[in-house]
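A.B. asks: So that you have it, the file is start.cif, and it contains mmCIF, C-alpha atoms and all ligand atoms:
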data_query
#
loop_
_atom_site.label_atom_id
_atom_site.label_comp_id
_atom_site.auth_asym_id
_atom_site.auth_seq_id
_atom_site.Cartn_x
_atom_site.Cartn_y
_atom_site.Cartn_z
CA MET V 1364 -9.82 17.73 -9.89
CA ILE V 1365 -11.68 15.16 -7.82
CA ASP V 1366 -13.17 16.19 -4.53
CA VAL V 1367 -14.63 13.47 -2.32
CA ARG V 1368 -16.48 14.77 0.71
CA ASP V 1369 -17.82 12.74 3.64
CA LEU V 1370 -18.72 9.72 1.60
CA ASP V 1371 -20.85 7.08 3.33
CA VAL V 1372 -21.82 3.84 1.63
CA GLU V 1373 -23.85 1.10 3.23
CA LEU V 1374 -24.16 -2.31 1.62
CA GLY V 1375 -26.23 -5.13 3.01
CA GLY V 1376 -26.84 -3.10 6.17
CA MET V 1377 -23.12 -2.62 6.79
CA ALA V 1378 -21.17 0.63 6.67
CA VAL V 1379 -18.62 -0.03 3.91
CA LEU V 1380 -17.37 3.55 3.54
CA ASP V 1381 -17.49 5.81 6.53
CA ALA V 1382 -17.02 9.56 6.10
CA VAL V 1383 -14.35 9.22 3.41
CA SER V 1384 -12.96 12.54 2.22
CA THR V 1385 -10.09 13.22 -0.13
CA HIS V 1386 -8.95 15.63 -2.76
CA ILE V 1387 -7.05 14.61 -5.88
CA ASP V 1388 -5.43 17.07 -8.25
CA GLU V 1389 -5.34 16.74 -11.99
CA GLY V 1390 -2.58 14.57 -13.42
CA ARG V 1391 -1.95 12.68 -10.20
CA PHE V 1392 -1.62 8.90 -10.04
CA VAL V 1393 -3.13 7.82 -6.75
CA GLY V 1394 -2.87 4.27 -5.45
CA LEU V 1395 -5.71 2.98 -3.32
CA VAL V 1396 -4.26 0.42 -0.97
CA GLY V 1397 -5.65 -1.53 1.95
CA PRO V 1398 -6.65 -4.99 3.05
CA ASN V 1399 -9.32 -7.17 1.46
CA GLY V 1400 -12.74 -5.78 2.18
CA ALA V 1401 -11.41 -2.32 3.14
CA GLY V 1402 -13.74 -0.63 0.66
CA LYS V 1403 -11.39 0.12 -2.25
CA SER V 1404 -13.70 -1.16 -5.01
CA THR V 1405 -16.65 0.52 -3.36
CA MET V 1406 -14.82 3.84 -3.30
CA LEU V 1407 -13.91 3.52 -6.99
CA ARG V 1408 -17.51 2.63 -7.83
CA ALA V 1409 -18.78 5.64 -5.90
CA ILE V 1410 -16.31 7.98 -7.62
CA GLY V 1411 -17.18 6.50 -11.01
CA ALA V 1412 -20.92 7.01 -10.38
CA VAL V 1413 -21.53 3.27 -10.68
CA LEU V 1414 -22.90 3.39 -7.16
CA LYS V 1415 -24.76 6.20 -5.42
CA PRO V 1416 -23.45 6.92 -1.92
CA ASP V 1417 -25.81 7.08 1.04
CA ALA V 1418 -24.29 10.39 2.01
CA GLY V 1419 -21.55 12.69 0.82
CA THR V 1420 -20.50 14.02 -2.54
CA VAL V 1421 -18.04 13.35 -5.34
CA SER V 1422 -17.33 16.42 -7.45
CA LEU V 1423 -15.36 16.49 -10.64
CA ASP V 1424 -14.18 20.02 -11.32
CA GLY V 1425 -16.95 21.31 -9.09
CA GLU V 1426 -19.79 19.23 -10.58
CA SER V 1427 -21.39 16.37 -8.67
CA VAL V 1428 -20.72 13.18 -10.62
CA HIS V 1429 -23.96 11.69 -9.35
CA ASP V 1430 -25.98 14.53 -10.86
CA LEU V 1431 -24.40 14.26 -14.29
CA PRO V 1432 -26.32 12.46 -17.05
CA SER V 1433 -24.67 9.10 -17.61
CA ARG V 1434 -23.19 9.98 -21.02
CA ALA V 1435 -21.65 13.12 -19.57
CA ALA V 1436 -20.25 11.13 -16.65
CA SER V 1437 -18.84 8.56 -19.10
CA ARG V 1438 -17.01 11.31 -20.94
CA ARG V 1439 -15.36 12.33 -17.70
CA VAL V 1440 -14.58 9.02 -16.02
CA ALA V 1441 -13.61 5.63 -17.41
CA THR V 1442 -13.52 2.61 -15.12
CA VAL V 1443 -11.73 -0.71 -15.41
CA PRO V 1444 -13.51 -3.03 -12.98
CA GLN V 1445 -11.91 -5.80 -11.01
CA ASP V 1446 -13.96 -8.43 -12.78
CA THR V 1447 -13.23 -8.08 -16.49
CA SER V 1448 -15.27 -11.06 -17.65
CA LEU V 1449 -17.65 -10.09 -20.44
CA SER V 1450 -20.90 -11.80 -21.15
CA PHE V 1451 -20.85 -11.31 -24.89
CA ASP V 1452 -18.75 -12.62 -27.68
CA PHE V 1453 -17.38 -9.72 -29.71
CA ASP V 1454 -14.05 -9.26 -31.36
CA VAL V 1455 -11.44 -7.51 -29.24
CA ARG V 1456 -11.52 -4.44 -31.51
CA ASP V 1457 -15.31 -4.18 -31.05
CA VAL V 1458 -14.92 -4.39 -27.28
CA VAL V 1459 -12.41 -1.54 -27.39
CA ALA V 1460 -14.75 0.39 -29.70
CA MET V 1461 -17.41 0.26 -26.97
CA GLY V 1462 -15.31 2.84 -25.19
CA ARG V 1463 -16.59 5.31 -27.78
CA THR V 1464 -20.27 4.83 -26.84
CA PRO V 1465 -20.50 8.15 -24.92
CA TYR V 1466 -19.49 9.98 -28.10
CA ARG V 1467 -22.01 8.32 -30.42
CA SER V 1468 -25.50 9.57 -30.97
CA ARG V 1469 -28.29 7.13 -30.33
CA PHE V 1470 -30.39 8.58 -33.11
CA ARG V 1471 -28.07 9.00 -36.04
CA SER V 1472 -25.52 6.53 -37.22
CA SER V 1473 -23.45 9.50 -36.47
CA VAL V 1474 -19.94 10.30 -36.73
CA ASP V 1475 -17.29 10.06 -34.16
CA PRO V 1476 -14.38 11.60 -36.01
CA ALA V 1477 -11.92 11.00 -33.21
CA GLY V 1478 -13.18 7.46 -32.69
CA GLU V 1479 -11.10 5.35 -35.06
CA GLU V 1480 -7.92 7.05 -34.03
CA ALA V 1481 -8.73 6.68 -30.32
CA ILE V 1482 -9.44 2.97 -30.78
CA GLU V 1483 -6.23 2.31 -32.71
CA ARG V 1484 -4.20 4.28 -30.21
CA ALA V 1485 -5.73 2.39 -27.29
CA LEU V 1486 -5.00 -0.97 -28.96
CA ASP V 1487 -1.46 0.15 -29.63
CA ARG V 1488 -0.70 1.48 -26.15
CA THR V 1489 -2.05 -1.59 -24.39
CA GLU V 1490 -0.31 -3.93 -26.86
CA THR V 1491 -3.59 -5.64 -27.70
CA GLU V 1492 -3.38 -4.89 -31.42
CA GLU V 1493 -1.95 -8.30 -32.23
CA PHE V 1494 -5.12 -10.08 -31.15
CA ALA V 1495 -7.56 -7.29 -32.04
CA ASP V 1496 -9.39 -9.46 -34.56
CA ARG V 1497 -9.80 -12.39 -32.20
CA SER V 1498 -12.95 -13.01 -30.20
CA ILE V 1499 -12.82 -11.73 -26.63
CA SER V 1500 -13.70 -15.27 -25.52
CA ALA V 1501 -10.50 -16.50 -27.15
CA VAL V 1502 -7.99 -14.41 -25.20
CA SER V 1503 -6.42 -15.17 -21.83
CA GLY V 1504 -7.50 -13.54 -18.57
CA GLY V 1505 -4.49 -11.22 -18.55
CA GLU V 1506 -5.00 -10.30 -22.22
CA ARG V 1507 -8.66 -9.57 -21.47
CA GLN V 1508 -7.62 -7.28 -18.65
CA ARG V 1509 -5.52 -5.28 -21.11
CA VAL V 1510 -8.43 -5.19 -23.59
CA VAL V 1511 -10.70 -3.71 -20.93
CA LEU V 1512 -8.01 -1.14 -20.15
CA ALA V 1513 -7.88 -0.37 -23.90
CA ARG V 1514 -11.65 0.15 -23.87
CA ALA V 1515 -11.23 2.64 -21.02
CA LEU V 1516 -8.47 4.45 -22.93
CA ALA V 1517 -10.62 4.65 -26.06
CA GLN V 1518 -13.19 6.39 -23.86
CA ASP V 1519 -10.71 9.26 -23.76
CA THR V 1520 -11.64 10.64 -20.35
CA PRO V 1521 -9.62 12.94 -18.12
CA ILE V 1522 -10.15 10.52 -15.21
CA LEU V 1523 -9.30 6.85 -15.13
CA LEU V 1524 -10.37 4.51 -12.33
CA LEU V 1525 -8.66 1.13 -12.25
CA ASP V 1526 -9.61 -1.68 -9.90
CA GLU V 1527 -6.55 -3.90 -9.56
CA PRO V 1528 -5.30 -3.31 -13.10
CA THR V 1529 -2.43 -5.75 -12.73
CA ALA V 1530 -4.20 -8.56 -10.88
CA SER V 1531 -3.99 -11.23 -13.61
CA LEU V 1532 -0.95 -9.92 -15.41
CA ASP V 1533 2.43 -11.58 -15.63
CA ILE V 1534 5.36 -9.67 -14.16
CA ASN V 1535 6.33 -8.13 -17.50
CA HIS V 1536 2.83 -6.89 -18.23
CA GLN V 1537 2.37 -5.64 -14.66
CA ILE V 1538 5.32 -3.34 -15.21
CA ARG V 1539 4.30 -2.39 -18.75
CA THR V 1540 0.78 -1.59 -17.65
CA LEU V 1541 1.89 0.54 -14.71
CA GLU V 1542 4.47 2.28 -16.92
CA LEU V 1543 1.63 3.07 -19.30
CA VAL V 1544 -0.60 4.33 -16.49
CA ARG V 1545 2.30 6.46 -15.20
CA GLU V 1546 2.71 7.92 -18.70
CA LEU V 1547 -1.01 8.65 -18.89
CA ALA V 1548 -0.82 10.55 -15.60
CA ASP V 1549 2.25 12.44 -16.83
CA GLU V 1550 0.23 13.41 -19.90
CA GLY V 1551 -2.43 14.89 -17.61
CA LYS V 1552 -4.92 12.12 -16.80
CA THR V 1553 -5.96 11.74 -13.21
CA VAL V 1554 -5.72 8.10 -12.21
CA ILE V 1555 -6.95 6.28 -9.13
CA ALA V 1556 -6.01 2.63 -9.01
CA ALA V 1557 -6.66 0.01 -6.36
CA ILE V 1558 -3.38 -1.88 -6.16
CA HIS V 1559 -2.62 -4.77 -3.84
CA ASP V 1560 1.11 -4.86 -4.46
CA LEU V 1561 2.35 -2.16 -2.10
CA ASN V 1562 5.78 -2.04 -3.69
CA LEU V 1563 4.44 -1.48 -7.19
CA ALA V 1564 2.08 1.13 -5.75
CA ALA V 1565 4.95 2.89 -3.95
CA HIS V 1566 7.09 2.86 -7.06
CA TYR V 1567 4.55 4.17 -9.55
CA CYS V 1568 2.07 6.32 -7.63
CA ASP V 1569 2.45 9.96 -6.62
CA GLU V 1570 0.27 9.43 -3.59
CA LEU V 1571 -1.33 6.57 -1.76
CA LEU V 1572 -4.63 6.37 0.08
CA LEU V 1573 -4.61 3.68 2.74
CA LEU V 1574 -8.14 2.46 3.40
CA SER V 1575 -8.96 0.29 6.35
CA GLY V 1576 -12.40 -0.69 7.54
CA GLY V 1577 -14.04 1.87 5.27
CA ARG V 1578 -11.97 4.80 6.50
CA ILE V 1579 -8.87 6.54 5.24
CA LEU V 1580 -6.15 5.66 7.69
CA GLU V 1581 -3.47 7.73 5.96
CA SER V 1582 -2.91 9.53 2.69
CA GLY V 1583 -0.02 11.27 1.02
CA PRO V 1584 3.31 10.32 -0.51
CA PRO V 1585 4.20 6.61 -0.24
CA GLU V 1586 6.78 7.16 2.51
CA ARG V 1587 4.20 8.80 4.72
CA VAL V 1588 1.57 6.11 4.13
CA LEU V 1589 3.63 2.94 4.14
CA THR V 1590 4.99 2.98 7.66
CA GLU V 1591 5.39 -0.05 9.85
CA ALA V 1592 2.77 1.28 12.25
CA ASN V 1593 0.21 1.95 9.51
CA LEU V 1594 0.78 -1.47 7.96
CA ALA V 1595 0.39 -3.14 11.32
CA GLU V 1596 -2.85 -1.28 11.94
CA ALA V 1597 -4.38 -1.72 8.50
CA PHE V 1598 -3.20 -5.21 7.59
CA ASP V 1599 -2.48 -6.62 11.02
CA ALA V 1600 0.85 -7.61 9.49
CA ARG V 1601 4.43 -7.43 10.64
CA ALA V 1602 6.29 -5.65 7.91
CA VAL V 1603 9.47 -3.70 7.63
CA VAL V 1604 9.79 -0.68 5.43
CA SER V 1605 13.05 0.18 3.75
CA ARG V 1606 14.21 1.66 0.45
CA HIS V 1607 14.62 -0.56 -2.56
CA PRO V 1608 18.36 -0.75 -3.24
CA VAL V 1609 17.90 -0.34 -7.01
CA THR V 1610 14.89 1.93 -7.50
CA GLY V 1611 15.16 3.89 -4.25
CA ALA V 1612 11.38 3.55 -3.80
CA VAL V 1613 9.83 2.76 -0.44
CA TYR V 1614 9.92 -1.01 -0.10
CA VAL V 1615 7.76 -3.15 2.13
CA THR V 1616 8.73 -6.65 3.20
CA ALA V 1617 6.06 -8.62 5.00
CA LEU V 1618 7.52 -10.89 7.63
CA PRO V 1619 6.12 -13.95 9.29
CA GLU V 1620 5.13 -13.34 12.88
CA ARG V 1621 8.06 -13.84 15.22
CA GLY V 1622 8.04 -17.37 16.60
CA GLY V 1623 7.69 -15.51 19.85
CA ASP V 1624 8.88 -18.20 22.19
CA ARG V 1625 12.58 -17.36 21.95
CA GLU V 1626 13.57 -14.53 24.25
CA GLY V 1627 16.80 -12.63 24.61
CA ARG V 1628 19.16 -10.49 22.58
CA VAL V 1629 21.63 -11.80 20.05
CA HIS V 1630 24.30 -9.75 18.33
CA VAL V 1631 25.61 -11.07 15.01
CA ILE V 1632 28.96 -10.30 13.39
CA GLY V 1633 29.15 -11.13 9.70
CA GLY V 1634 29.62 -9.51 6.33
CA GLY V 1635 29.54 -10.33 2.65
CA GLY V 1636 26.21 -12.09 2.91
CA THR V 1637 27.49 -14.74 5.32
CA VAL V 1638 24.85 -14.06 7.97
CA SER V 1639 21.77 -12.92 6.04
CA ARG V 1640 20.00 -16.23 6.49
CA LEU V 1641 21.09 -16.37 10.10
CA LEU V 1642 19.71 -12.90 10.85
CA TYR V 1643 16.38 -14.00 9.43
CA VAL V 1644 16.28 -17.32 11.28
CA LEU V 1645 17.18 -15.76 14.64
CA SER V 1646 14.74 -12.90 14.18
CA VAL V 1647 11.82 -15.13 13.19
CA ALA V 1648 12.60 -17.40 16.15
CA GLY V 1649 11.74 -14.44 18.35
CA TYR V 1650 15.14 -13.11 19.42
CA GLU V 1651 15.90 -9.39 19.45
CA VAL V 1652 18.71 -9.40 16.92
CA SER V 1653 21.33 -6.76 16.19
CA ALA V 1654 24.11 -6.76 13.61
CA GLY V 1655 27.34 -5.06 12.72
CA ALA V 1656 29.38 -3.25 12.18
CA LEU V 1657 28.72 -3.84 8.48
CA GLY V 1658 29.86 -1.86 5.47
CA GLU V 1659 27.31 0.19 3.53
CA GLY V 1660 26.24 -1.84 0.50
CA ASP V 1661 26.94 -5.14 2.23
CA SER V 1662 24.05 -7.53 1.65
CA ASP V 1663 24.05 -8.50 5.34
CA LEU V 1664 23.39 -4.85 6.17
CA GLU V 1665 20.55 -4.76 3.62
CA THR V 1666 19.07 -7.84 5.28
CA ALA V 1667 19.39 -6.33 8.75
CA ARG V 1668 17.58 -3.22 7.52
CA LEU V 1669 14.91 -5.25 5.74
CA LEU V 1670 14.29 -7.13 8.96
CA GLY V 1671 14.17 -3.89 10.93
CA LEU V 1672 17.10 -4.91 13.14
CA ASP V 1673 19.40 -2.63 15.11
CA SER V 1674 22.58 -2.36 13.10
CA VAL V 1675 25.81 -0.41 12.95
CA ALA V 1676 26.81 0.73 9.46
CA VAL V 1677 30.24 1.93 8.40
CA GLU V 1678 31.98 3.02 5.22
CA PRO V 1679 32.64 -0.04 3.08
CA PHE V 1680 36.12 -1.59 2.96
CA SER V 1681 37.57 0.60 5.64
CA PRO V 1682 38.54 0.04 9.25
CA ILE V 1683 35.83 0.62 11.82
CA GLY V 1684 36.14 4.06 13.44
CA SER V 1685 35.90 4.73 17.15
CA GLU V 1686 32.26 5.81 17.13
CA ALA V 1687 31.14 2.65 15.33
CA ARG V 1688 33.33 0.59 17.61
CA GLU V 1689 31.57 2.05 20.63
CA ALA V 1690 28.19 1.34 19.08
CA VAL V 1691 29.18 -2.28 18.44
CA ALA V 1692 30.53 -2.64 21.96
CA GLU V 1693 27.23 -1.33 23.29
CA LEU V 1694 25.18 -3.80 21.24
CA ILE V 1695 27.41 -6.67 22.29
CA GLY V 1696 27.18 -5.50 25.89
CA ALA V 1697 23.37 -5.55 25.68
CA ALA V 1698 23.27 -8.95 23.94
CA ASP V 1699 22.96 -12.21 25.85
CA VAL V 1700 24.79 -14.08 23.11
CA THR V 1701 27.14 -12.94 20.33
CA VAL V 1702 27.29 -14.97 17.14
CA ILE V 1703 30.30 -14.70 14.83
CA GLY V 1704 29.24 -15.80 11.36
CA ASP V 1705 31.36 -17.68 8.87
CA CYS V 1706 32.82 -14.37 7.73
CA GLU V 1707 36.23 -13.08 6.74
CA VAL V 1708 38.67 -12.22 9.49
CA GLY V 1709 39.90 -9.19 7.55
CA THR V 1710 40.65 -5.61 8.49
CA GLY V 1711 36.98 -4.71 8.17
CA ASN V 1712 35.94 -7.16 10.86
CA LEU V 1713 38.87 -6.78 13.22
CA ALA V 1714 37.29 -4.19 15.51
CA ASN V 1715 34.06 -6.24 15.63
CA LEU V 1716 36.01 -9.28 16.75
CA GLU V 1717 37.86 -7.25 19.35
CA CYS V 1718 34.51 -6.08 20.73
CA ALA V 1719 33.30 -9.70 20.75
CA ARG V 1720 35.97 -10.50 23.31
CA ALA V 1721 33.78 -8.86 25.91
CA SER V 1722 30.91 -11.27 25.28
CA ASP V 1723 30.22 -13.86 27.94
CA ALA V 1724 28.48 -16.18 25.52
CA LEU V 1725 29.98 -16.66 22.09
CA VAL V 1726 28.79 -18.86 19.27
CA VAL V 1727 31.18 -19.17 16.35
CA VAL V 1728 29.93 -20.46 13.00
CA GLU V 1729 32.54 -22.43 11.16
CA ASP V 1730 31.48 -23.91 7.87
CA ARG V 1731 35.04 -23.48 6.64
CA PRO V 1732 37.83 -24.85 8.80
CA PHE V 1733 40.00 -22.44 10.78
CA ALA V 1734 43.00 -22.96 8.56
CA GLU V 1735 41.17 -22.14 5.33
CA ARG V 1736 40.14 -18.65 6.30
CA ASN V 1737 41.73 -15.39 5.24
CA TYR V 1738 43.29 -13.45 8.07
CA ALA V 1739 44.42 -9.85 8.08
CA GLY V 1740 47.78 -10.78 9.52
CA GLU V 1741 48.95 -12.89 12.40
CA ALA V 1742 47.31 -10.74 15.09
CA ALA V 1743 43.90 -11.30 13.48
CA ARG V 1744 44.52 -15.00 13.32
CA GLU V 1745 45.41 -15.07 17.00
CA LEU V 1746 42.41 -12.98 17.98
CA TYR V 1747 40.08 -15.22 16.03
CA GLY V 1748 41.76 -18.32 17.47
CA ALA V 1749 41.15 -17.02 20.98
CA LEU V 1750 37.48 -16.41 20.24
CA VAL V 1751 37.09 -19.89 18.73
CA GLU V 1752 38.59 -21.36 21.84
CA ARG V 1753 36.21 -19.51 24.15
CA GLY V 1754 33.10 -19.99 22.04
CA THR V 1755 30.85 -22.83 21.00
CA VAL V 1756 31.85 -23.74 17.47
CA VAL V 1757 29.03 -24.96 15.25
CA GLY V 1758 28.05 -25.36 11.59
CA SER V 1759 25.52 -22.83 10.30
CA GLY V 1760 22.69 -25.37 10.57
CA GLU V 1761 23.17 -25.67 14.32
CA VAL V 1762 23.19 -22.03 15.34
CA LEU V 1763 19.65 -21.85 16.73
CA GLY V 1764 20.33 -24.75 19.09
CA ALA V 1765 23.71 -23.33 20.10
CA VAL V 1766 22.20 -19.91 20.83
CA ALA V 1767 19.46 -21.50 22.93
CA SER V 1768 22.03 -23.43 24.98
CA ALA V 1769 24.21 -20.35 25.38
CA MET V 1770 21.15 -18.41 26.61
CA GLU V 1771 20.50 -21.08 29.21
CA ARG V 1772 24.09 -21.00 30.41
CA ASN V 1773 24.06 -17.22 30.51
CA PRO V 1774 20.57 -16.28 31.71
N1 LIG K 1801 -23.33 -5.89 -2.55
C1 LIG K 1801 -22.82 -6.01 -1.33
N2 LIG K 1801 -23.57 -6.34 -0.26
C2 LIG K 1801 -23.06 -6.44 0.96
N3 LIG K 1801 -21.77 -6.21 1.25
C3 LIG K 1801 -20.97 -5.88 0.23
C4 LIG K 1801 -21.42 -5.77 -1.11
N4 LIG K 1801 -20.39 -5.43 -1.89
C5 LIG K 1801 -19.31 -5.35 -1.07
N5 LIG K 1801 -19.65 -5.62 0.19
C6 LIG K 1801 -18.77 -5.61 1.36
O1 LIG K 1801 -18.18 -4.34 1.46
C7 LIG K 1801 -16.84 -4.41 1.94
C8 LIG K 1801 -15.92 -3.66 1.02
O2 LIG K 1801 -15.87 -4.32 -0.22
P1 LIG K 1801 -14.92 -3.83 -1.39
O3 LIG K 1801 -15.12 -4.73 -2.56
O4 LIG K 1801 -15.11 -2.38 -1.61
O5 LIG K 1801 -13.49 -4.08 -0.73
P2 LIG K 1801 -12.04 -4.03 -1.38
O6 LIG K 1801 -11.22 -3.16 -0.50
O7 LIG K 1801 -12.12 -3.65 -2.81
O8 LIG K 1801 -11.59 -5.53 -1.20
P3 LIG K 1801 -10.64 -6.51 -2.09
O9 LIG K 1801 -9.24 -6.07 -1.79
O10 LIG K 1801 -10.92 -7.83 -1.48
O11 LIG K 1801 -11.04 -6.37 -3.50
C9 LIG K 1801 -16.55 -5.90 2.06
O12 LIG K 1801 -16.68 -6.27 3.41
C10 LIG K 1801 -17.61 -6.55 1.21
O13 LIG K 1801 -17.92 -7.83 1.71
#
Could you express the structure from this file as structure tokens?
C.D. replies:
Amino acid sequence: MIDVRDLDVELGGMAVLDAVSTHIDEGRFVGLVGPNGAGKSTMLRAIGAVLKPDAGTVSLDGESVHDLPSRAASRRVATVPQDTSLSFDFDVRDVVAMGRTPYRSRFRSSVDPAGEEAIERALDRTETEEFADRSISAVSGGERQRVVLARALAQDTPILLLDEPTASLDINHQIRTLELVRELADEGKTVIAAIHDLNLAAHYCDELLLLSGGRILESGPPERVLTEANLAEAFDARAVVSRHPVTGAVYVTALPERGGDREGRVHVIGGGGTVSRLLYVLSVAGYEVSAGALGEGDSDLETARLLGLDSVAVEPFSPIGSEAREAVAELIGAADVTVIGDCEVGTGNLANLECARASDALVVVEDRPFAERNYAGEAARELYGALVERGTVVGSGEVLGAVASAMERNP
């Protein structure tokens, strides 16, 4: 159990950590997230007794880490620093063996019965065995990062502190490393890791601590911490938070700032991925964009959600019910311009197109000619034909211009 109480750290005359308090239970995997310079490394260094705080305490199972003799502290906490460069030229296996230092006597060439096994196990779990006999100066940056993790594992501590453990790793090893760290936590280790990739952090960690300007802005399960408001405050970034469609984990997408100069509301009718790009382009241009109705599972709906747009969702592959129809009518009523994407004119879209009739300013995207589309019967064809006649028909590359003109005509 780690208990951090009112931690203050000043560096170079600046308050880097300001009254930081938190409590971490055994076997938890906690992700430390926050912008550059927030104080993540400093917090890890203070918890790992690498740095003495100016005020406050860090207790491990009730004992102050800063009062423990260094060997005792090293048997409790292992740290993998951000900078893994080593200034000596040992073989990888010897570097990993250094993790056993806290268990070796300085006076006798004494025995560390668990040592060999711990070293082999650490090499095995970090997949560094294959280059164990190579010099540490002859491995890549990412391989070295795994070696330093192996050294920390060989240290066999109940607490593991990792400062950006995946920073120089390829995508495969990022996942493998975090899977390993997850396993270690499930086996009972308490892990705190500074992680820049919010989505990896959300997927693997039990809890997140969001640090900003040396203070904890939020802590708790990923869905509580990674909110649009918290991300805006901590990172000064526009981001939308959704659920990853495959893993179900909280998923953050950082967006470019809205262009800002385009004003007005645009409603988009699409489906089957025909308007995903369009939703993005209109939204980034600055418009308030809404979409729908779209079937659950439709990639256009996923995009709308990722972009944080107003959308109407319905059961997939079924006609749009009266409630959804009303919602669509309301969005179209509020919009200055309605855009019909290059989508199917099938049963699914029929009610949307009927609602679009009410729009005073219609832009119709036609990458495929009228005749080549699929229609759900003659009535659908007629309805669509009527909309085409009333609207401005453009290719998908010209939509932004067409929307701007329609806005001007319909202020
Ligand atoms: N030795 C030092 N002297 C003065 N200021 C320092 C020192 N070490 C760190 N800082 C400052 O303390 C702040 C916090 O640094 P820290 O490394 O803890 O941030 P971080 O959240 O880990 O950042 P990053 O994501 O960039 O690694 C930064 O503004 C940094 O410039």
A.B. asks: Please provide the set of residues having any atom within 10 Å of Gly1760 (chain V), restricted to all atoms listed in the file, with same-chain residues fewer than 2 positions apart removed, written as a list in words.
C.D. replies: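 Listing them by chain and then by number gives Leu1641, Val1728, Asp1730, Val1757, Gly1758, Val1762, Leu1763, Gly1764 and Ala1765 of chain V.
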A.B. asks: So the first atom is CA of Val1613 (chain V) and the second is CA of Ala1592 (chain V); what is the distance between them in Å, to one decimal place?
C.D. replies: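 Pair CA of Val1613 (chain V) / CA of Ala1592 (chain V) returns 14.6 Å.
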A.B. asks: Need the shell around region 1693-1709 of chain V: protein/DNA/RNA residues with any atom at most 9 Å away, counting only C-alpha atoms. Skip same-chain ones fewer than 4 positions apart. Format as an NGL selection string?
C.D. replies: :V and (1627-1638 or 1641 or 1651-1655 or 1673-1675 or 1688-1689 or 1713 or 1716 or 1718-1719 or 1721-1731 or 1736-1740 or 1743-1744 or 1747 or 1758-1759 or 1762 or 1766 or 1769-1770 or 1773-1774)
A.B. asks: Any idea what the distance is between atom N3 of ligand LIG 1801 (chain K) and CA of Pro1432 (chain V)?
C.D. replies: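 Answer for the atom N3 of ligand LIG 1801 (chain K) to CA of Pro1432 (chain V) separation: 26.5 Å.
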A.B. asks: Please define a box with edges along x, y and z of the file around all atoms of region 1479-1487 of chain V given in the file, extend it by 6 Å on each side, and return its centre and edge lengths in Å to one decimal, as JSON.
C.D. replies:
{"center_x": -6.3, "center_y": 3.0, "center_z": -31.2, "size_x": 21.6, "size_y": 20.0, "size_z": 19.8}
A.B. asks: Hey, which of V:Glu1389, V:Glu1527, V:Asp1519, V:Asp1496 ends up closest to ligand LIG 1801 (chain K)? Count all atoms listed in the file.
C.D. replies: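 Under the stated criterion, the closest residue is V:Glu1527.
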A.B. asks: Compute the distance from (-1.2, -6.3, -11.4) to each atom, counting all atoms listed in the file, keep the residues with any atom at most 10 Å away, and return them as a list of chain:residue names; use the coordinates of the file.
C.D. replies: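 Result, sorted by chain then residue number: V:Gly1505, V:Gln1508, V:Asp1526, V:Glu1527, V:Pro1528, V:Thr1529, V:Ala1530, V:Ser1531, V:Leu1532, V:Asp1533, V:Ile1534, V:Asn1535, V:His1536, V:Gln1537, V:Ile1538, V:Arg1539, V:Thr1540, V:Leu1541, V:Ala1557, V:Ile1558, V:His1559, V:Asp1560, V:Leu1563, V:Ala1564.
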A.B. asks: As an exercise, work out the distance from CA of Pro1585 (chain V) to CA of Ala1565 (chain V) in Å and give it to one decimal place.
C.D. replies: 5.3 Å
A.B. asks: Would you list the residues that come within 12 Å of ligand LIG 1801 (chain K)? Count all atoms listed in the file and give the answer as a ChimeraX atom specification.
C.D. replies: /V:1371-1381,1395-1409,1414,1444-1446,1525-1528,1530,1556-1560,1572-1579,1597-1598
A.B. asks: What's around region 1486-1492 of chain V at 9 Å? Count all atoms listed in the file, leave out sequence neighbours fewer than 5 positions away in its own chain, and write the answer as a VMD selection string.
C.D. replies: chain V and resid 1455 to 1456 1459 1481 1506 to 1507 1509 to 1510 1512 to 1514 1516 to 1517 1539 to 1540 1543
A.B. asks: Quick one: write out the picked residues with C-alpha atoms as a PDB file, keeping the file's coordinate frame?
C.D. replies:
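The resulting file, part_2.pdb, is shown below:
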ATOM      1  CA  VAL V1455     -11.440  -7.510 -29.240  1.00  0.00           C
ATOM      2  CA  ARG V1456     -11.520  -4.440 -31.510  1.00  0.00           C
ATOM      3  CA  VAL V1459     -12.410  -1.540 -27.390  1.00  0.00           C
ATOM      4  CA  ALA V1481      -8.730   6.680 -30.320  1.00  0.00           C
ATOM      5  CA  GLU V1506      -5.000 -10.300 -22.220  1.00  0.00           C
ATOM      6  CA  ARG V1507      -8.660  -9.570 -21.470  1.00  0.00           C
ATOM      7  CA  ARG V1509      -5.520  -5.280 -21.110  1.00  0.00           C
ATOM      8  CA  VAL V1510      -8.430  -5.190 -23.590  1.00  0.00           C
ATOM      9  CA  LEU V1512      -8.010  -1.140 -20.150  1.00  0.00           C
ATOM     10  CA  ALA V1513      -7.880  -0.370 -23.900  1.00  0.00           C
ATOM     11  CA  ARG V1514     -11.650   0.150 -23.870  1.00  0.00           C
ATOM     12  CA  LEU V1516      -8.470   4.450 -22.930  1.00  0.00           C
ATOM     13  CA  ALA V1517     -10.620   4.650 -26.060  1.00  0.00           C
ATOM     14  CA  ARG V1539       4.300  -2.390 -18.750  1.00  0.00           C
ATOM     15  CA  THR V1540       0.780  -1.590 -17.650  1.00  0.00           C
ATOM     16  CA  LEU V1543       1.630   3.070 -19.300  1.00  0.00           C
TER      17      LEU V1543
END
